[in-house]
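Engineer: Mind looking over this structure? Questions follow.
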Amino acid sequence: MAGEEKREVLRETGQSASGPPLLILTGPTAVGKTALSISLAKAVGGEIISADSMQVYKHMNIGSAKITKQEMQGVTHHLLDILEPWEDFNVVTFQRRCKEAIAGIYGRGNLPILVGGTGFYIQAVLRDIAFTENEDDVAYRRELEQFAEKNGDVALHEKLQQVDAASAEAIPPGNQKRVIRALEYFHLTGEPISLHNERERQRPDAYNACYFVLTDARTALYERIEKRVDEMMSQGLVAEVQALKDMGCRRGQTAMQGLGYKEILDYLDGIGTLEEAVNRIKQETRHFAKRQLTWFRRERDVVWLDRSQYSGKSREQQDACMLEVMLQVAREKGIIE
RNA sequence: GGAUCGGUAGUCCAGCGGCGAAGACAAGUGACUGUAAAUCACCCACGGAGAAACACCGGAGGUUCGAGUCCUCCCCGGUCCA
């Protein structure tokens, strides 16, 4: 239904199929991207690049639901386990390393497949968003944080109002992180970030891409999430987090923002019971899935693959059907034979 | 059987006789251009709606200008005594 419509639109508008080829497979957590991505990679001769903000970290396997060596079935994966958990990571770093990986894959004559649930990262690569070259000014950021601490969100927001009214309009005072970034951007470049964003929004895709979004009925998705969290627990999530804690990982680090990690860390620090922590993980993972869906709905030219359309079939059969659809779309775009 | 406390949204829970019903959670929707598994916003008590009026706090009556709030009876649940 939704997928079909999108494809029609693509055909009619004949969106310029320019740029190097790229396959994207994404969707909310726990829809079952991993297995499908392997079939896809095998079918098209592709290498997978993980578009996931947590799986880049070493020692975070259970909680991030990282693919195992065995599950890879020989398919090459990139951007997994590239950082220690105390290192910072962000879109810009991702974009750079992803582009490097893509270049390498083309060099080997293979097709890059971006697989993962971090929509922002995917967008950064697909549209080749230009981020500021400036290093971030940690001191200035800290200064703003302290200002907000003392004077409140609203006062900080007023600062933004003065230099960049458009951004102030768009960002609510409560969203301190984005208010700070907007101020920081202005501080660094002398240009309002709203202008920059406006410009970047116009960018066409940098690739001849197929953007597949795997989804499912909400209830089914939520059930899968709960089941998966339970599995993580039995696989030893607590021990994994304990090990991270022993390595010196603390709340506040980028890696420890991961779902499942911050909650278990709380538990290990004596905040609440294990049961409460588990329930919170489930809850927040559901919220997260919802946010992901919101993001993908907003992206243009996506092809939806909805499991609920194949509800009578087994997962393997569903995957087989969806693989067919993906190959069909890729052929139409001239990405594969 | 007697005593007593309570029945308000999916859940928990506020509510001096002026309530078209507070708060929290869940659910839903959305934003997002260097922390994105982050951060934030909106919405949420039948229906209908531009506004008004009607309807709403277990059920039925009553008192009152006015009842979720007081009274009576009934139904349901907790606790205590038998």
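If you're wondering about the labels, chains in the structure tokens are A, B, ... by order shown, residues count from 1 in each chain, ligands from 1 in order shown.
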Which residues of chain B come within 6 Å of chain A, and for each one, what is the closest pair of atoms and their distance in Å to one decimal, counting only C-alpha atoms (C1' of nucleotides), sorted by chain and residue number, as a tab-separated table?
Structural biologist:
residue	atom	partner	partner_atom	distance
B:U33	C1'	A:Asn197	CA	5.8
B:G34	C1'	A:Val92	CA	5.7
B:A37	C1'	A:Gly258	CA	4.7
B:C40	C1'	A:Asn175	CA	4.6
Engineer: Out of region 24-272 of chain A, which residues get helix (DSSP H, G or I) from DSSP, as a ChimeraX atom specification?
Structural biologist: /A:33-44,69-72,91-107,119-126,138-151,153-163,165-170,176-189,193-201,218-235,237-246,254-257,261-268
Engineer: Mind pulling up the distance from CA of Glu145 (chain A) to CA of Glu158 (chain A)?
Structural biologist: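 Going from CA of Glu158 (chain A) over to CA of Glu145 (chain A), I get 14.1 Å.
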Engineer: Give the strand (DSSP E) residues of region 66-290 of chain A, as DSSP finds them on the backbone, and put them as a list in words.
Structural biologist: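 Those in region 66-290 of chain A that DSSP calls strand (DSSP E) are His77, His78, Leu111, Pro112, Ile113, Leu114, Val115, Asn208, Ala209, Cys210, Tyr211, Phe212, Val213, Leu214 and Thr215 of chain A.
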Engineer: Quick one: pull the distance between CA of Leu111 (chain A) and CA of Val44 (chain A), Å, one decimal.
Structural biologist: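 Straight-line distance from CA of Leu111 (chain A) to CA of Val44 (chain A) works out to 7.3 Å.
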Engineer: Report as JSON, numbers by chain all protein, DNA and RNA residues lying within 12 Å of U72 (chain B), evaluated on only C-alpha atoms (C1' of nucleotides), omitting residues in the same chain fewer than 5 positions from it.
Structural biologist: {"B": [60, 61, 62, 63]}
Engineer: Could you tell me how far CA of Ile48 (chain A) sits from CA of Val75 (chain A), in Å to one decimal place?
Structural biologist: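 Computing the Euclidean distance for CA of Val75 (chain A) and CA of Ile48 (chain A) yields 7.3 Å.
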Engineer: Need the shell around Tyr106 (chain A): protein/DNA/RNA residues with any atom at most 12 Å away, counting only C-alpha atoms (C1' of nucleotides). Skip same-chain ones fewer than 2 positions apart. Format as a ChimeraX atom specification?
Structural biologist: /A:20-22,45-47,99-104,108-113
Engineer: Write out the residues from the selection above, keeping C-alpha atoms, as a CSV table (one decimal), in the first residue's frame.
Structural biologist:
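again19.csv was written with the following content:
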chain,number,residue,atom,x,y,z
A,20,PRO,CA,26.6,6.7,-7.3
A,21,PRO,CA,24.4,3.7,-6.2
A,22,LEU,CA,23.5,3.2,-2.6
A,45,GLY,CA,26.9,-8.5,-3.8
A,46,GLY,CA,27.0,-5.8,-1.2
A,47,GLU,CA,28.9,-4.8,1.9
A,99,LYS,CA,32.1,8.1,3.2
A,100,GLU,CA,35.4,6.5,3.5
A,101,ALA,CA,33.8,3.1,3.8
A,102,ILE,CA,31.7,3.7,0.8
A,103,ALA,CA,34.7,4.7,-1.3
A,104,GLY,CA,36.4,1.5,-0.3
A,108,ARG,CA,36.2,-3.3,-4.5
A,109,GLY,CA,33.4,-3.2,-7.1
A,110,ASN,CA,30.7,-3.8,-4.5
A,111,LEU,CA,27.5,-2.1,-3.6
A,112,PRO,CA,27.3,-0.3,-0.3
A,113,ILE,CA,24.3,-1.0,1.9
Engineer: Within 12 Å of A21 (chain B), counting only C-alpha atoms (C1' of nucleotides), which residues qualify if same-chain residues fewer than 2 places away don't, as a PyMOL selection string?
Structural biologist: chain B and resi 8-9+14-15+19+23+45+56-57+68-69
Engineer: Would you mind telling me which residue in B:G2, B:G20, B:G7, B:C75 lies nearest to A53 (chain B) when using only C-alpha atoms (C1' of nucleotides)?
Structural biologist: B:G20
Engineer: Give me the residues near A3 (chain B) as a ChimeraX atom specification, where near means some atom within 12 Å (using only C-alpha atoms (C1' of nucleotides)) and where sequence neighbours in that chain fewer than 6 positions away do not count.
Structural biologist: /B:79-82
Engineer: Could you write those residues out with N, CA and C atoms (P, O5', C5', C4', C3', O3' and C1' of nucleotides), as a PDB file, in the first residue's frame?
Structural biologist:
ATOM      1  P     U B  79      -9.025  -7.291  51.907  1.00  0.00           P
ATOM      2  O5'   U B  79      -9.096  -6.428  53.245  1.00  0.00           O
ATOM      3  C5'   U B  79      -7.979  -5.646  53.656  1.00  0.00           C
ATOM      4  C4'   U B  79      -8.378  -4.784  54.834  1.00  0.00           C
ATOM      5  C3'   U B  79      -8.939  -5.546  56.030  1.00  0.00           C
ATOM      6  O3'   U B  79      -7.918  -6.096  56.848  1.00  0.00           O
ATOM      7  C1'   U B  79     -10.334  -3.697  55.540  1.00  0.00           C
ATOM      8  P     C B  80      -8.239  -7.454  57.647  1.00  0.00           P
ATOM      9  O5'   C B  80      -9.188  -6.937  58.828  1.00  0.00           O
ATOM     10  C5'   C B  80      -8.660  -6.094  59.849  1.00  0.00           C
ATOM     11  C4'   C B  80      -9.788  -5.576  60.713  1.00  0.00           C
ATOM     12  C3'   C B  80     -10.631  -6.638  61.410  1.00  0.00           C
ATOM     13  O3'   C B  80     -10.016  -7.136  62.587  1.00  0.00           O
ATOM     14  C1'   C B  80     -12.060  -5.037  60.436  1.00  0.00           C
ATOM     15  P     C B  81     -10.403  -8.607  63.090  1.00  0.00           P
ATOM     16  O5'   C B  81     -11.903  -8.438  63.587  1.00  0.00           O
ATOM     17  C5'   C B  81     -12.194  -7.589  64.696  1.00  0.00           C
ATOM     18  C4'   C B  81     -13.675  -7.571  64.951  1.00  0.00           C
ATOM     19  C3'   C B  81     -14.323  -8.944  65.122  1.00  0.00           C
ATOM     20  O3'   C B  81     -14.144  -9.449  66.431  1.00  0.00           O
ATOM     21  C1'   C B  81     -15.656  -7.613  63.691  1.00  0.00           C
ATOM     22  P     A B  82     -14.477 -11.014  66.681  1.00  0.00           P
ATOM     23  O5'   A B  82     -16.070 -11.044  66.511  1.00  0.00           O
ATOM     24  C5'   A B  82     -16.772 -12.244  66.718  1.00  0.00           C
ATOM     25  C4'   A B  82     -18.119 -12.166  66.048  1.00  0.00           C
ATOM     26  C3'   A B  82     -18.598 -13.498  65.461  1.00  0.00           C
ATOM     27  O3'   A B  82     -19.250 -14.279  66.451  1.00  0.00           O
ATOM     28  C1'   A B  82     -18.779 -11.806  63.824  1.00  0.00           C
TER      29        A B  82
END
Engineer: Given only C-alpha atoms as the basis, pick out the residue of A:Met322, A:Ala148, A:Leu79, A:Met72 nearest to Ile49 (chain A).
Structural biologist: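 Ranked by minimum distance to Ile49 (chain A), first place goes to A:Leu79.
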Engineer: Near Lys282 (chain A), counting only C-alpha atoms (C1' of nucleotides), which residues have an atom at most 10 Å away, once you skip same-chain residues fewer than 2 positions from it, shown as an mmCIF file with N, CA and C atoms, in the first residue's frame?
Structural biologist:
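Saved as around.cif:
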data_model
loop_
_atom_site.group_PDB
_atom_site.id
_atom_site.type_symbol
_atom_site.label_atom_id
_atom_site.label_comp_id
_atom_site.auth_asym_id
_atom_site.auth_seq_id
_atom_site.Cartn_x
_atom_site.Cartn_y
_atom_site.Cartn_z
ATOM 1 N N TYR A 222 5.873 -3.767 19.242
ATOM 2 C CA TYR A 222 6.036 -3.626 20.686
ATOM 3 C C TYR A 222 6.261 -4.984 21.354
ATOM 4 N N GLU A 223 5.576 -5.979 20.857
ATOM 5 C CA GLU A 223 5.791 -7.324 21.414
ATOM 6 C C GLU A 223 7.225 -7.782 21.179
ATOM 7 N N ILE A 225 9.800 -5.944 20.802
ATOM 8 C CA ILE A 225 10.695 -5.158 21.643
ATOM 9 C C ILE A 225 10.775 -5.760 23.045
ATOM 10 N N GLU A 226 9.613 -6.059 23.614
ATOM 11 C CA GLU A 226 9.616 -6.617 24.968
ATOM 12 C C GLU A 226 10.347 -7.944 25.008
ATOM 13 N N LYS A 227 10.086 -8.744 24.008
ATOM 14 C CA LYS A 227 10.732 -10.046 23.955
ATOM 15 C C LYS A 227 12.245 -9.875 23.849
ATOM 16 N N ARG A 228 12.635 -8.928 23.046
ATOM 17 C CA ARG A 228 14.064 -8.743 22.842
ATOM 18 C C ARG A 228 14.762 -8.253 24.109
ATOM 19 N N VAL A 229 14.098 -7.380 24.831
ATOM 20 C CA VAL A 229 14.700 -6.905 26.082
ATOM 21 C C VAL A 229 14.855 -8.075 27.056
ATOM 22 N N ASP A 230 13.842 -8.914 27.119
ATOM 23 C CA ASP A 230 13.942 -10.092 27.982
ATOM 24 C C ASP A 230 15.125 -10.965 27.562
ATOM 25 N N LEU A 259 20.166 3.004 25.105
ATOM 26 C CA LEU A 259 19.044 2.366 25.775
ATOM 27 C C LEU A 259 19.487 1.044 26.362
ATOM 28 N N GLY A 260 19.135 0.826 27.590
ATOM 29 C CA GLY A 260 19.530 -0.410 28.241
ATOM 30 C C GLY A 260 20.766 -0.176 29.094
ATOM 31 N N GLU A 276 12.396 -2.748 37.834
ATOM 32 C CA GLU A 276 12.057 -1.391 37.384
ATOM 33 C C GLU A 276 12.924 -0.982 36.204
ATOM 34 N N ALA A 277 14.185 -1.327 36.288
ATOM 35 C CA ALA A 277 15.092 -0.977 35.202
ATOM 36 C C ALA A 277 14.663 -1.642 33.907
ATOM 37 N N VAL A 278 14.314 -2.913 33.996
ATOM 38 C CA VAL A 278 13.906 -3.651 32.797
ATOM 39 C C VAL A 278 12.640 -3.044 32.196
ATOM 40 N N ASN A 279 11.697 -2.727 33.061
ATOM 41 C CA ASN A 279 10.469 -2.123 32.554
ATOM 42 C C ASN A 279 10.732 -0.783 31.885
ATOM 43 N N ARG A 280 11.659 -0.055 32.461
ATOM 44 C CA ARG A 280 11.971 1.233 31.859
ATOM 45 C C ARG A 280 12.637 1.063 30.496
ATOM 46 N N GLU A 284 11.095 2.720 27.253
ATOM 47 C CA GLU A 284 11.832 3.708 26.478
ATOM 48 C C GLU A 284 12.195 3.207 25.094
ATOM 49 N N THR A 285 12.331 1.907 24.973
ATOM 50 C CA THR A 285 12.600 1.369 23.644
ATOM 51 C C THR A 285 11.363 1.523 22.760
ATOM 52 N N ARG A 286 10.202 1.354 23.368
ATOM 53 C CA ARG A 286 8.969 1.572 22.604
ATOM 54 C C ARG A 286 8.874 3.026 22.155
ATOM 55 N N HIS A 287 9.159 3.916 23.053
ATOM 56 C CA HIS A 287 9.147 5.332 22.694
ATOM 57 C C HIS A 287 10.131 5.612 21.559
ATOM 58 N N PHE A 288 11.272 5.002 21.688
ATOM 59 C CA PHE A 288 12.303 5.205 20.679
ATOM 60 C C PHE A 288 11.822 4.738 19.308
#
